[in-house]
file target33.txt (compact mmCIF, C-alpha atoms)
# COMPACT_ATOMS: atom_id res chain seq x y z
CA MET A 23 0.00 0.00 0.00
CA PRO A 24 1.44 3.40 -0.94
CA GLU A 25 1.75 6.06 1.73
CA ARG A 26 0.81 8.78 -0.72
CA VAL A 27 -1.34 8.80 -3.88
CA ILE A 28 -1.08 11.77 -6.24
CA PHE A 29 -3.47 12.52 -9.10
CA THR A 30 -2.51 15.03 -11.77
CA LYS A 31 -5.13 17.33 -13.26
CA ALA A 32 -5.03 15.45 -16.58
CA ALA A 33 -5.44 12.07 -14.85
CA LEU A 34 -8.53 13.24 -12.99
CA ALA A 35 -10.03 14.37 -16.30
CA GLU A 36 -9.87 10.82 -17.64
CA PRO A 37 -12.86 8.52 -16.96
CA TYR A 38 -10.47 5.68 -16.10
CA GLY A 39 -8.61 8.03 -13.78
CA GLN A 40 -11.86 8.45 -11.88
CA LYS A 41 -12.16 4.66 -11.60
CA ILE A 42 -8.67 4.49 -10.07
CA LEU A 43 -9.65 7.31 -7.72
CA GLU A 44 -12.65 5.26 -6.53
CA ARG A 45 -10.41 2.24 -5.89
CA VAL A 46 -7.91 4.27 -3.91
CA GLN A 47 -10.65 5.98 -1.91
CA SER A 48 -12.13 2.61 -0.98
CA LEU A 49 -8.77 1.66 0.53
CA ASN A 50 -8.70 4.83 2.65
CA LEU A 51 -5.34 5.92 1.30
CA PRO A 52 -4.16 9.56 1.56
CA ILE A 53 -4.89 11.32 -1.75
CA GLU A 54 -3.53 14.54 -3.22
CA GLU A 55 -5.28 16.10 -6.22
CA LEU A 56 -2.95 18.42 -8.11
CA SER A 57 -4.10 21.52 -9.97
CA ARG A 58 -1.48 20.86 -12.66
CA ASN A 59 0.34 17.96 -14.28
CA ARG A 60 3.84 18.33 -12.83
CA LEU A 61 4.80 16.00 -9.99
CA THR A 62 6.62 17.60 -7.09
CA GLY A 63 7.86 16.66 -3.63
CA LEU A 64 9.50 13.39 -4.71
CA ARG A 65 13.08 14.20 -3.71
CA GLY A 66 14.62 13.87 -0.27
CA GLU A 67 17.90 15.03 1.21
CA GLY A 68 19.93 12.32 -0.54
CA ASP A 69 19.65 9.51 -3.07
CA ARG A 70 18.51 6.94 -0.53
CA ASP A 71 15.94 9.30 0.98
CA THR A 72 14.63 10.11 -2.51
CA TYR A 73 14.37 6.40 -3.24
CA ASN A 74 12.31 5.80 -0.07
CA ILE A 75 9.94 8.69 -0.77
CA ALA A 76 9.42 7.69 -4.41
CA LYS A 77 8.87 4.00 -3.69
CA ARG A 78 6.09 4.87 -1.24
CA THR A 79 4.33 7.13 -3.75
CA LEU A 80 1.76 6.20 -6.38
CA ALA A 81 1.27 8.89 -9.02
CA VAL A 82 -1.73 8.64 -11.34
CA VAL A 83 -0.81 10.46 -14.55
CA THR A 84 -1.48 10.20 -18.28
CA ALA A 85 0.82 8.35 -20.66
CA PRO A 86 2.69 10.82 -22.90
CA PRO A 87 2.36 10.73 -26.71
CA SER A 88 5.71 8.89 -27.01
CA HIS A 89 4.13 5.83 -25.34
CA PHE A 90 1.79 5.38 -28.27
CA LYS A 91 4.70 4.54 -30.57
CA LEU A 92 5.48 0.96 -29.56
CA SER A 93 8.91 -0.67 -29.56
CA PRO A 94 9.65 -4.30 -30.38
CA ILE A 95 10.97 -6.41 -27.51
CA PRO A 96 12.42 -9.69 -28.73
CA PRO A 97 12.72 -12.36 -27.53
CA SER A 98 9.96 -11.72 -24.96
CA ALA A 99 7.26 -10.51 -27.36
CA ASP A 100 6.63 -8.71 -30.63
CA TRP A 101 5.82 -5.40 -28.94
CA GLN A 102 5.88 -3.78 -25.51
CA PHE A 103 3.32 -1.37 -24.18
CA HIS A 104 3.01 0.32 -20.81
CA ILE A 105 0.14 0.76 -18.37
CA ALA A 106 2.48 2.00 -15.63
CA GLU A 107 6.12 2.75 -14.86
CA GLY A 108 7.84 1.76 -11.64
CA CYS A 109 7.44 -1.16 -9.27
CA PRO A 110 6.59 -1.56 -5.56
CA GLY A 111 9.20 -4.30 -5.12
CA HIS A 112 12.73 -3.79 -3.78
CA CYS A 113 14.86 -6.14 -5.89
CA GLN A 114 18.51 -5.23 -5.50
CA TYR A 115 19.25 -6.13 -9.13
CA CYS A 116 16.23 -4.09 -10.37
CA TYR A 117 15.91 -4.17 -14.16
CA LEU A 118 14.44 -0.66 -14.15
CA ALA A 119 17.54 0.95 -12.63
CA GLY A 120 19.00 3.19 -15.30
CA SER A 121 16.04 2.60 -17.64
CA LEU A 122 13.64 5.16 -16.17
CA SER A 123 14.69 8.71 -15.39
CA GLY A 124 14.18 10.47 -12.10
CA PRO A 125 13.06 9.12 -8.73
CA PRO A 126 11.52 5.60 -8.92
CA VAL A 127 7.96 6.76 -8.19
CA ILE A 128 5.25 4.37 -9.44
CA ARG A 129 3.40 6.13 -12.26
CA VAL A 130 0.04 4.65 -13.33
CA PHE A 131 -1.55 5.76 -16.59
CA ALA A 132 -5.13 6.99 -16.42
CA ASN A 133 -5.65 7.06 -20.20
CA LEU A 134 -5.73 3.26 -20.33
CA PRO A 135 -8.59 2.96 -22.89
CA GLN A 136 -6.59 4.99 -25.43
CA ILE A 137 -3.48 2.90 -24.73
CA LEU A 138 -5.40 -0.28 -25.49
CA GLU A 139 -7.12 1.13 -28.57
CA ASN A 140 -3.71 2.01 -29.99
CA LEU A 141 -2.56 -1.62 -29.95
CA ALA A 142 -4.73 -2.68 -32.89
CA ALA A 143 -2.49 -0.72 -35.27
CA TYR A 144 0.40 -3.06 -34.38
CA GLU A 145 -1.38 -6.37 -34.92
CA ARG A 146 -0.16 -8.47 -37.83
CA PRO A 147 -2.86 -9.74 -40.19
CA SER A 148 -3.62 -13.46 -40.09
CA GLN A 149 -0.99 -14.31 -37.46
CA THR A 150 -0.67 -13.95 -33.72
CA THR A 151 0.97 -10.78 -32.39
CA THR A 152 2.25 -10.81 -28.81
CA PHE A 153 2.31 -7.80 -26.49
CA GLU A 154 4.37 -7.58 -23.28
CA VAL A 155 3.01 -5.33 -20.52
CA SER A 156 5.59 -5.96 -17.78
CA CYS A 157 8.68 -4.17 -19.07
CA TYR A 158 8.47 -1.09 -16.87
CA THR A 159 6.30 -2.33 -14.02
CA ASP A 160 4.99 -5.32 -12.12
CA PRO A 161 1.31 -5.03 -13.09
CA LEU A 162 0.08 -7.52 -10.48
CA GLY A 163 1.82 -5.66 -7.65
CA ILE A 164 -0.40 -2.61 -8.24
CA GLU A 165 -3.52 -4.31 -9.60
CA HIS A 166 -5.50 -3.79 -6.38
CA LEU A 167 -4.95 -0.06 -6.83
CA THR A 168 -5.56 0.24 -10.57
CA GLY A 169 -7.52 -2.68 -12.03
CA SER A 170 -5.50 -2.04 -15.21
CA LEU A 171 -4.19 -5.58 -15.68
CA GLY A 172 -7.72 -6.96 -15.55
CA GLU A 173 -8.79 -4.43 -18.19
CA CYS A 174 -5.92 -5.57 -20.42
CA ILE A 175 -6.90 -9.23 -20.02
CA ARG A 176 -10.51 -8.43 -20.97
CA TYR A 177 -9.35 -6.46 -24.00
CA PHE A 178 -7.10 -9.22 -25.32
CA GLY A 179 -9.80 -11.81 -24.64
CA ASN A 180 -11.80 -10.12 -27.41
CA ARG A 181 -8.94 -9.89 -29.92
CA GLN A 182 -8.61 -12.65 -32.48
CA GLU A 183 -4.89 -12.52 -33.25
CA ALA A 184 -3.39 -10.58 -30.33
CA HIS A 185 -2.05 -12.16 -27.16
CA LEU A 186 -1.01 -10.55 -23.87
CA ARG A 187 1.99 -11.49 -21.72
CA TRP A 188 2.70 -10.35 -18.17
CA VAL A 189 5.07 -11.43 -15.41
CA SER A 190 5.11 -10.77 -11.68
CA LYS A 191 6.75 -11.42 -8.33
CA PHE A 192 3.45 -10.94 -6.47
CA ASP A 193 0.59 -13.34 -5.78
CA ALA A 194 -2.76 -11.49 -5.48
CA ILE A 195 -4.43 -13.22 -8.42
CA ASN A 196 -7.96 -13.92 -7.13
CA ASP A 197 -9.57 -11.08 -9.11
CA LEU A 198 -8.09 -12.45 -12.34
CA LEU A 199 -9.37 -16.03 -12.13
CA ASP A 200 -12.84 -15.47 -13.61
CA LEU A 201 -11.92 -12.99 -16.34
CA PRO A 202 -12.88 -13.89 -19.96
CA HIS A 203 -9.33 -14.28 -21.26
CA ASN A 204 -10.14 -16.92 -23.92
CA GLY A 205 -6.60 -18.28 -23.68
CA HIS A 206 -5.14 -15.05 -25.08
CA THR A 207 -3.17 -14.07 -21.94
CA ARG A 208 -0.09 -15.90 -20.69
CA CYS A 209 0.51 -15.33 -16.97
CA ARG A 210 4.11 -15.79 -15.84
CA MET A 211 5.85 -15.73 -12.50
CA SER A 212 9.46 -14.67 -12.03
CA ILE A 213 11.19 -16.94 -9.54
CA ASN A 214 14.69 -17.77 -8.39
CA ALA A 215 16.73 -20.06 -6.15
CA ALA A 216 16.13 -19.54 -2.44
CA PRO A 217 19.42 -17.77 -1.56
CA ILE A 218 18.86 -15.23 -4.33
CA ALA A 219 15.14 -14.66 -3.75
CA ASN A 220 15.57 -14.38 0.01
CA ARG A 221 18.50 -11.98 -0.14
CA PHE A 222 17.81 -9.78 -3.15
CA GLU A 223 14.02 -9.67 -3.72
CA GLY A 224 12.69 -7.49 -0.92
CA GLY A 225 9.04 -6.50 -0.72
CA THR A 226 7.80 -9.29 -2.98
CA ALA A 227 5.78 -12.45 -2.39
CA SER A 228 7.74 -15.57 -1.47
CA VAL A 229 8.65 -17.96 -4.26
CA ALA A 230 6.27 -20.52 -2.76
CA ALA A 231 3.43 -17.96 -2.83
CA ARG A 232 4.21 -17.02 -6.44
CA LEU A 233 4.15 -20.65 -7.52
CA SER A 234 0.92 -21.25 -5.63
CA ALA A 235 -0.61 -18.27 -7.45
CA LEU A 236 0.62 -19.63 -10.78
CA ARG A 237 -0.97 -22.98 -9.97
CA GLN A 238 -4.33 -21.27 -9.39
CA LEU A 239 -4.03 -19.37 -12.65
CA ALA A 240 -3.19 -22.57 -14.56
CA LEU A 241 -5.75 -24.92 -13.02
CA PRO A 242 -8.78 -25.61 -15.22
CA ARG A 243 -11.91 -23.64 -14.48
CA LYS A 244 -13.71 -26.80 -13.39
CA ARG A 245 -11.07 -27.20 -10.66
CA GLY A 246 -11.46 -23.64 -9.42
CA GLY A 247 -8.60 -22.13 -11.41
CA GLY A 248 -8.27 -19.55 -14.12
CA GLY A 249 -7.49 -21.88 -17.02
CA TYR A 250 -4.72 -19.59 -18.28
CA PRO A 251 -1.63 -20.47 -20.27
CA VAL A 252 1.23 -19.88 -17.82
CA GLY A 253 4.97 -19.44 -17.73
CA ILE A 254 8.02 -19.56 -15.49
CA VAL A 255 10.69 -16.88 -15.80
CA ILE A 256 13.86 -17.82 -13.93
CA ALA A 257 15.76 -14.58 -13.55
CA PRO A 258 18.32 -13.38 -12.94
CA ILE A 259 20.21 -16.67 -12.99
CA MET A 260 23.44 -16.47 -10.97
CA PRO A 261 26.16 -19.11 -10.47
CA ILE A 262 26.22 -18.66 -6.69
CA ASP A 263 27.87 -21.16 -4.35
CA ASP A 264 26.25 -24.60 -4.76
CA TRP A 265 24.06 -23.17 -7.52
CA GLN A 266 23.27 -26.60 -9.03
CA MET A 267 21.84 -27.80 -5.73
CA HIS A 268 19.78 -24.66 -5.15
CA TYR A 269 18.36 -24.55 -8.66
CA SER A 270 17.63 -28.30 -8.59
CA ARG A 271 15.58 -27.69 -5.46
CA LEU A 272 13.77 -24.90 -7.28
CA PHE A 273 12.84 -27.24 -10.15
CA ASN A 274 11.59 -29.81 -7.65
CA GLN A 275 9.45 -27.08 -6.07
CA ILE A 276 8.02 -26.09 -9.45
CA SER A 277 7.31 -29.73 -10.31
CA GLU A 278 5.53 -30.35 -7.02
CA THR A 279 3.35 -27.26 -7.47
CA LEU A 280 2.50 -27.65 -11.16
CA ASN A 281 1.75 -31.37 -10.86
CA PHE A 282 -0.91 -31.42 -13.58
CA GLU A 283 -1.07 -30.94 -17.35
CA CYS A 284 -0.93 -27.26 -18.25
CA ASP A 285 0.22 -24.99 -21.06
CA LEU A 286 3.65 -24.05 -19.65
CA THR A 287 6.63 -22.14 -21.00
CA PHE A 288 10.06 -21.28 -19.58
CA GLU A 289 12.21 -18.18 -20.05
CA LEU A 290 15.78 -18.20 -18.74
CA ILE A 291 17.63 -14.94 -18.15
CA SER A 292 21.16 -14.75 -16.76
CA HIS A 293 22.23 -11.81 -14.61
CA ARG A 294 23.66 -8.80 -16.40
CA PHE A 295 24.11 -5.12 -15.68
CA THR A 296 25.17 -1.91 -17.35
CA PRO A 297 27.48 0.81 -16.02
CA GLY A 298 24.44 3.03 -15.59
CA SER A 299 22.32 0.46 -13.77
CA LYS A 300 25.21 -0.41 -11.44
CA GLU A 301 25.61 3.23 -10.47
CA VAL A 302 21.89 3.62 -9.73
CA LEU A 303 21.63 0.35 -7.83
CA GLN A 304 24.56 1.23 -5.61
CA THR A 305 22.82 4.45 -4.58
CA TRP A 306 19.53 2.63 -3.95
CA TYR A 307 21.08 -0.33 -2.11
CA PRO A 308 24.48 0.76 -0.77
CA GLN A 309 24.80 -2.30 1.51
CA SER A 310 23.88 -4.86 -1.15
CA LYS A 311 26.02 -7.98 -1.58
CA LEU A 312 25.03 -8.33 -5.24
CA ASP A 313 28.09 -9.26 -7.29
CA MET A 314 28.67 -6.61 -9.97
CA ASP A 315 32.41 -6.97 -10.38
CA GLU A 316 33.19 -6.05 -14.00
CA SER A 317 36.50 -7.93 -13.89
CA LYS A 318 34.58 -11.21 -13.61
CA ARG A 319 32.36 -10.50 -16.61
CA SER A 320 32.45 -10.31 -20.37
CA ILE A 321 31.35 -7.21 -22.24
CA LYS A 322 28.38 -7.42 -24.58
CA ARG A 323 27.57 -4.48 -26.86
CA ASN A 324 24.26 -3.83 -28.57
CA LYS A 325 23.75 -2.32 -32.01
CA PHE A 326 23.40 1.15 -30.49
CA GLY A 327 26.78 0.97 -28.77
CA GLY A 328 25.44 0.25 -25.31
CA THR A 329 27.46 -1.94 -22.95
CA LYS A 330 26.32 -4.82 -20.73
CA TYR A 331 28.38 -6.98 -18.42
CA VAL A 332 27.44 -10.65 -18.75
CA TYR A 333 28.96 -13.95 -17.64
CA ASP A 334 31.79 -15.37 -19.75
CA ALA A 335 31.02 -17.84 -22.54
CA ASN A 336 32.03 -20.97 -20.59
CA THR A 337 29.87 -20.02 -17.60
CA MET A 338 26.92 -19.28 -19.88
CA LYS A 339 27.27 -22.65 -21.63
CA MET A 340 27.48 -24.48 -18.31
CA LEU A 341 24.40 -22.71 -16.96
CA ARG A 342 22.41 -23.23 -20.12
CA ARG A 343 23.16 -26.96 -20.29
CA PHE A 344 22.06 -27.39 -16.68
CA PHE A 345 18.77 -25.54 -17.06
CA GLU A 346 17.85 -27.17 -20.34
CA ALA A 347 18.48 -30.60 -18.80
CA GLU A 348 16.34 -29.77 -15.75
CA ILE A 349 13.46 -28.60 -17.91
CA GLU A 350 13.65 -31.71 -20.06
CA GLN A 351 13.72 -33.93 -16.97
CA HIS A 352 10.82 -32.28 -15.12
CA PHE A 353 8.74 -30.71 -17.90
CA SER A 354 9.30 -32.52 -21.18
CA ASN A 355 6.07 -31.06 -22.59
CA ALA A 356 6.93 -27.46 -21.69
CA LYS A 357 8.43 -25.07 -24.21
CA LEU A 358 11.67 -23.20 -23.54
CA LEU A 359 11.16 -19.86 -25.25
CA TYR A 360 14.69 -18.51 -24.95
CA TRP A 361 17.94 -18.36 -23.01
CA THR A 362 19.73 -15.05 -22.68
call {"tool": "encode", "arguments": {"input": "target33.txt", "output": "structure tokens"}}
result
Amino acid sequence: MPERVIFTKAALAEPYGQKILERVQSLNLPIEELSRNRLTGLRGEGDRDTYNIAKRTLAVVTAPPSHFKLSPIPPSADWQFHIAEGCPGHCQYCYLAGSLSGPPVIRVFANLPQILENLAAYERPSQTTTFEVSCYTDPLGIEHLTGSLGECIRYFGNRQEAHLRWVSKFDAINDLLDLPHNGHTRCRMSINAAPIANRFEGGTASVAARLSALRQLALPRKRGGGGYPVGIVIAPIMPIDDWQMHYSRLFNQISETLNFECDLTFELISHRFTPGSKEVLQTWYPQSKLDMDESKRSIKRNKFGGTKYVYDANTMKMLRRFFEAEIEQHFSNAKLLYWT
């Protein structure tokens, strides 16, 4: 629950912004209605203080025009779109560090109907087009405040050739179970080995709770579930001490929870960081034990000249062989979408 909810003037003018206002009011949260569209009061005396203020703030705003020009996001999906920016979790390896400018306030977009209407222009004729909605936020972590994820699921349930993908580290899925998704939404949970999840994923649901939620989403409707296609994202994979043992235990845990036939995919993402993300993360989490020693990494450059630090080729091959073997052993019918 945020300690402060801010509505800009433009957000309050949107009908969906009024729906979010009703949700927040029903939770008796402190609300500020601004007379303009500029957010203020988000910075503290230092970086860490600013982080704490921003993370406790939910700002309901309108998505800018730039958000209506979608970007491709392989290998996760054909396109990404955004219903919010920022996340209530406290993961010390946060993927958003360095990607979003300014304090990490959670911004929710009140012009959701226009965002969804815009997606039709990006659908490919006569073939399925996939849309990822989790790039800049954890949509389930704020769903009780916004209802936006449910609206997305309903929208895609009525599209013939467009499918939705979302991923979360939270577990409040009850309001999603009865939605008319028509198999067009794949619900995924991001999980990790116990030493990593316990140490680096603050403010999130436990791995056991996430898997339990995924089970409910995947169970057939006649068994009280949501009947969704589901997925497991194991990220960020790290070769910690005794990593084979810890990740083997994780696969046993997944197998015990998803002990029935379901439409299941896997996505495997090794840990990486950029110079910019490292700098931001070290200001957010100055006491973190996360290993970001560049001397132990290889450099990977993208086509725009950006730099990432990844594990060396031998480590990547060793990790990939292990995970592919575990998936084949436990889930021979599941599909591994990618390793990166």
call {"tool": "residues_around", "arguments": {"input": "target33.txt", "residues": "segment 120-126 of chain A", "least_positions_apart": "4", "cutoff": "10 Å", "atoms": "only C-alpha atoms", "output": "PyMOL selection string"}}
result
chain A and resi 64-66+69+72-79+107-110+116+158+295-303+306
call {"tool": "write_last_selection", "arguments": {"input": "target33.txt", "atoms": "C-alpha atoms", "output": "PDB file, in the frame of the given file"}}
result
ATOM      1  CA  LEU A  64       9.500  13.390  -4.710  1.00  0.00           C
ATOM      2  CA  ARG A  65      13.080  14.200  -3.710  1.00  0.00           C
ATOM      3  CA  GLY A  66      14.620  13.870  -0.270  1.00  0.00           C
ATOM      4  CA  ASP A  69      19.650   9.510  -3.070  1.00  0.00           C
ATOM      5  CA  THR A  72      14.630  10.110  -2.510  1.00  0.00           C
ATOM      6  CA  TYR A  73      14.370   6.400  -3.240  1.00  0.00           C
ATOM      7  CA  ASN A  74      12.310   5.800  -0.070  1.00  0.00           C
ATOM      8  CA  ILE A  75       9.940   8.690  -0.770  1.00  0.00           C
ATOM      9  CA  ALA A  76       9.420   7.690  -4.410  1.00  0.00           C
ATOM     10  CA  LYS A  77       8.870   4.000  -3.690  1.00  0.00           C
ATOM     11  CA  ARG A  78       6.090   4.870  -1.240  1.00  0.00           C
ATOM     12  CA  THR A  79       4.330   7.130  -3.750  1.00  0.00           C
ATOM     13  CA  GLU A 107       6.120   2.750 -14.860  1.00  0.00           C
ATOM     14  CA  GLY A 108       7.840   1.760 -11.640  1.00  0.00           C
ATOM     15  CA  CYS A 109       7.440  -1.160  -9.270  1.00  0.00           C
ATOM     16  CA  PRO A 110       6.590  -1.560  -5.560  1.00  0.00           C
ATOM     17  CA  CYS A 116      16.230  -4.090 -10.370  1.00  0.00           C
ATOM     18  CA  TYR A 158       8.470  -1.090 -16.870  1.00  0.00           C
ATOM     19  CA  PHE A 295      24.110  -5.120 -15.680  1.00  0.00           C
ATOM     20  CA  THR A 296      25.170  -1.910 -17.350  1.00  0.00           C
ATOM     21  CA  PRO A 297      27.480   0.810 -16.020  1.00  0.00           C
ATOM     22  CA  GLY A 298      24.440   3.030 -15.590  1.00  0.00           C
ATOM     23  CA  SER A 299      22.320   0.460 -13.770  1.00  0.00           C
ATOM     24  CA  LYS A 300      25.210  -0.410 -11.440  1.00  0.00           C
ATOM     25  CA  GLU A 301      25.610   3.230 -10.470  1.00  0.00           C
ATOM     26  CA  VAL A 302      21.890   3.620  -9.730  1.00  0.00           C
ATOM     27  CA  LEU A 303      21.630   0.350  -7.830  1.00  0.00           C
ATOM     28  CA  TRP A 306      19.530   2.630  -3.950  1.00  0.00           C
TER      29      TRP A 306
END
call {"tool": "residues_near_point", "arguments": {"input": "target33.txt", "point": "(7.5, -21.1, -0.2)", "cutoff": "12 Å", "atoms": "all atoms listed in the file", "output": "PyMOL selection string"}}
result
chain A and resi 193+213-216+219-220+227-235+271-272+275-276+278-279
call {"tool": "residues_around", "arguments": {"input": "target33.txt", "residues": "Pro261 of chain A", "least_positions_apart": "5", "cutoff": "9 Å", "atoms": "all atoms listed in the file", "output": "ChimeraX atom specification"}}
result
/A:266,337,341
call {"tool": "closest_residue", "arguments": {"input": "target33.txt", "among": "A:Ala143, A:Ala184, A:Ile95, A:Leu239", "to": "Ser156 of chain A", "atoms": "only C-alpha atoms"}}
result
A:Ile95
call {"tool": "residues_around", "arguments": {"input": "target33.txt", "residues": "Ser98 of chain A", "least_positions_apart": "6", "cutoff": "9 Å", "atoms": "all atoms listed in the file", "output": "list in words"}}
result
Thr152, Phe153, Glu154, Arg187, Glu289, Leu359 and Tyr360 of chain A
call {"tool": "atom_distance", "arguments": {"input": "target33.txt", "atom1": "atom CA of Arg26 of chain A", "atom2": "atom CA of Thr226 of chain A"}}
result
19.5 Å
call {"tool": "residues_near_point", "arguments": {"input": "target33.txt", "point": "(-10.9, -12.7, -16.2)", "cutoff": "10 Å", "atoms": "all atoms listed in the file", "output": "compact mmCIF listing (two decimals) with C-alpha atoms, keeping the file's coordinate frame"}}
result
# COMPACT_ATOMS: atom_id res chain seq x y z
CA LEU A 171 -4.19 -5.58 -15.68
CA GLY A 172 -7.72 -6.96 -15.55
CA GLU A 173 -8.79 -4.43 -18.19
CA CYS A 174 -5.92 -5.57 -20.42
CA ILE A 175 -6.90 -9.23 -20.02
CA ARG A 176 -10.51 -8.43 -20.97
CA GLY A 179 -9.80 -11.81 -24.64
CA ASN A 196 -7.96 -13.92 -7.13
CA ASP A 197 -9.57 -11.08 -9.11
CA LEU A 198 -8.09 -12.45 -12.34
CA LEU A 199 -9.37 -16.03 -12.13
CA ASP A 200 -12.84 -15.47 -13.61
CA LEU A 201 -11.92 -12.99 -16.34
CA PRO A 202 -12.88 -13.89 -19.96
CA HIS A 203 -9.33 -14.28 -21.26
CA ASN A 204 -10.14 -16.92 -23.92
CA THR A 207 -3.17 -14.07 -21.94
CA GLY A 248 -8.27 -19.55 -14.12
CA GLY A 249 -7.49 -21.88 -17.02
CA TYR A 250 -4.72 -19.59 -18.28
call {"tool": "residues_around", "arguments": {"input": "target33.txt", "residues": "segment 343-354 of chain A", "least_positions_apart": "2", "cutoff": "10 Å", "atoms": "all atoms listed in the file", "output": "PDB file with C-alpha atoms, in the coordinates of the input"}}
result
ATOM      1  CA  ILE A 256      13.860 -17.820 -13.930  1.00  0.00           C
ATOM      2  CA  ILE A 259      20.210 -16.670 -12.990  1.00  0.00           C
ATOM      3  CA  GLN A 266      23.270 -26.600  -9.030  1.00  0.00           C
ATOM      4  CA  TYR A 269      18.360 -24.550  -8.660  1.00  0.00           C
ATOM      5  CA  SER A 270      17.630 -28.300  -8.590  1.00  0.00           C
ATOM      6  CA  PHE A 273      12.840 -27.240 -10.150  1.00  0.00           C
ATOM      7  CA  ASN A 274      11.590 -29.810  -7.650  1.00  0.00           C
ATOM      8  CA  ILE A 276       8.020 -26.090  -9.450  1.00  0.00           C
ATOM      9  CA  SER A 277       7.310 -29.730 -10.310  1.00  0.00           C
ATOM     10  CA  GLU A 278       5.530 -30.350  -7.020  1.00  0.00           C
ATOM     11  CA  LEU A 280       2.500 -27.650 -11.160  1.00  0.00           C
ATOM     12  CA  ASN A 281       1.750 -31.370 -10.860  1.00  0.00           C
ATOM     13  CA  GLU A 283      -1.070 -30.940 -17.350  1.00  0.00           C
ATOM     14  CA  LEU A 286       3.650 -24.050 -19.650  1.00  0.00           C
ATOM     15  CA  THR A 287       6.630 -22.140 -21.000  1.00  0.00           C
ATOM     16  CA  PHE A 288      10.060 -21.280 -19.580  1.00  0.00           C
ATOM     17  CA  LEU A 290      15.780 -18.200 -18.740  1.00  0.00           C
ATOM     18  CA  MET A 338      26.920 -19.280 -19.880  1.00  0.00           C
ATOM     19  CA  LYS A 339      27.270 -22.650 -21.630  1.00  0.00           C
ATOM     20  CA  MET A 340      27.480 -24.480 -18.310  1.00  0.00           C
ATOM     21  CA  LEU A 341      24.400 -22.710 -16.960  1.00  0.00           C
ATOM     22  CA  ALA A 356       6.930 -27.460 -21.690  1.00  0.00           C
ATOM     23  CA  LYS A 357       8.430 -25.070 -24.210  1.00  0.00           C
ATOM     24  CA  LEU A 358      11.670 -23.200 -23.540  1.00  0.00           C
ATOM     25  CA  TRP A 361      17.940 -18.360 -23.010  1.00  0.00           C
TER      26      TRP A 361
END
call {"tool": "atom_distance", "arguments": {"input": "target33.txt", "atom1": "atom CA of Phe103 of chain A", "atom2": "atom CA of Ile42 of chain A"}}
result
19.4 Å
call {"tool": "closest_residue", "arguments": {"input": "target33.txt", "among": "A:Cys157, A:Val127, A:Ala132, A:Val82", "to": "Trp188 of chain A", "atoms": "only C-alpha atoms"}}
result
A:Cys157
call {"tool": "closest_residue", "arguments": {"input": "target33.txt", "among": "A:Met211, A:Ile53, A:Ala32, A:Ile105", "to": "Thr84 of chain A", "atoms": "all atoms listed in the file"}}
result
A:Ala32
call {"tool": "atom_distance", "arguments": {"input": "target33.txt", "atom1": "atom CA of Tyr117 of chain A", "atom2": "atom CA of Ile262 of chain A"}}
result
19.3 Å
call {"tool": "residues_around", "arguments": {"input": "target33.txt", "residues": "segment 147-150 of chain A", "least_positions_apart": "2", "cutoff": "10 Å", "atoms": "all atoms listed in the file", "output": "PyMOL selection string"}}
result
chain A and resi 100+144-145+152-153+181-185+206
call {"tool": "write_last_selection", "arguments": {"input": "target33.txt", "atoms": "C-alpha atoms", "output": "PDB file, in the frame of the given file"}}
result
ATOM      1  CA  ASP A 100       6.630  -8.710 -30.630  1.00  0.00           C
ATOM      2  CA  TYR A 144       0.400  -3.060 -34.380  1.00  0.00           C
ATOM      3  CA  GLU A 145      -1.380  -6.370 -34.920  1.00  0.00           C
ATOM      4  CA  THR A 152       2.250 -10.810 -28.810  1.00  0.00           C
ATOM      5  CA  PHE A 153       2.310  -7.800 -26.490  1.00  0.00           C
ATOM      6  CA  ARG A 181      -8.940  -9.890 -29.920  1.00  0.00           C
ATOM      7  CA  GLN A 182      -8.610 -12.650 -32.480  1.00  0.00           C
ATOM      8  CA  GLU A 183      -4.890 -12.520 -33.250  1.00  0.00           C
ATOM      9  CA  ALA A 184      -3.390 -10.580 -30.330  1.00  0.00           C
ATOM     10  CA  HIS A 185      -2.050 -12.160 -27.160  1.00  0.00           C
ATOM     11  CA  HIS A 206      -5.140 -15.050 -25.080  1.00  0.00           C
TER      12      HIS A 206
END
call {"tool": "closest_residue", "arguments": {"input": "target33.txt", "among": "A:Ala106, A:Ala257, A:Ile321, A:Ile291", "to": "Glu165 of chain A", "atoms": "all atoms listed in the file"}}
result
A:Ala106
call {"tool": "closest_residue", "arguments": {"input": "target33.txt", "among": "A:Lys318, A:Lys191, A:Arg243, A:Arg237", "to": "His112 of chain A", "atoms": "all atoms listed in the file"}}
result
A:Lys191
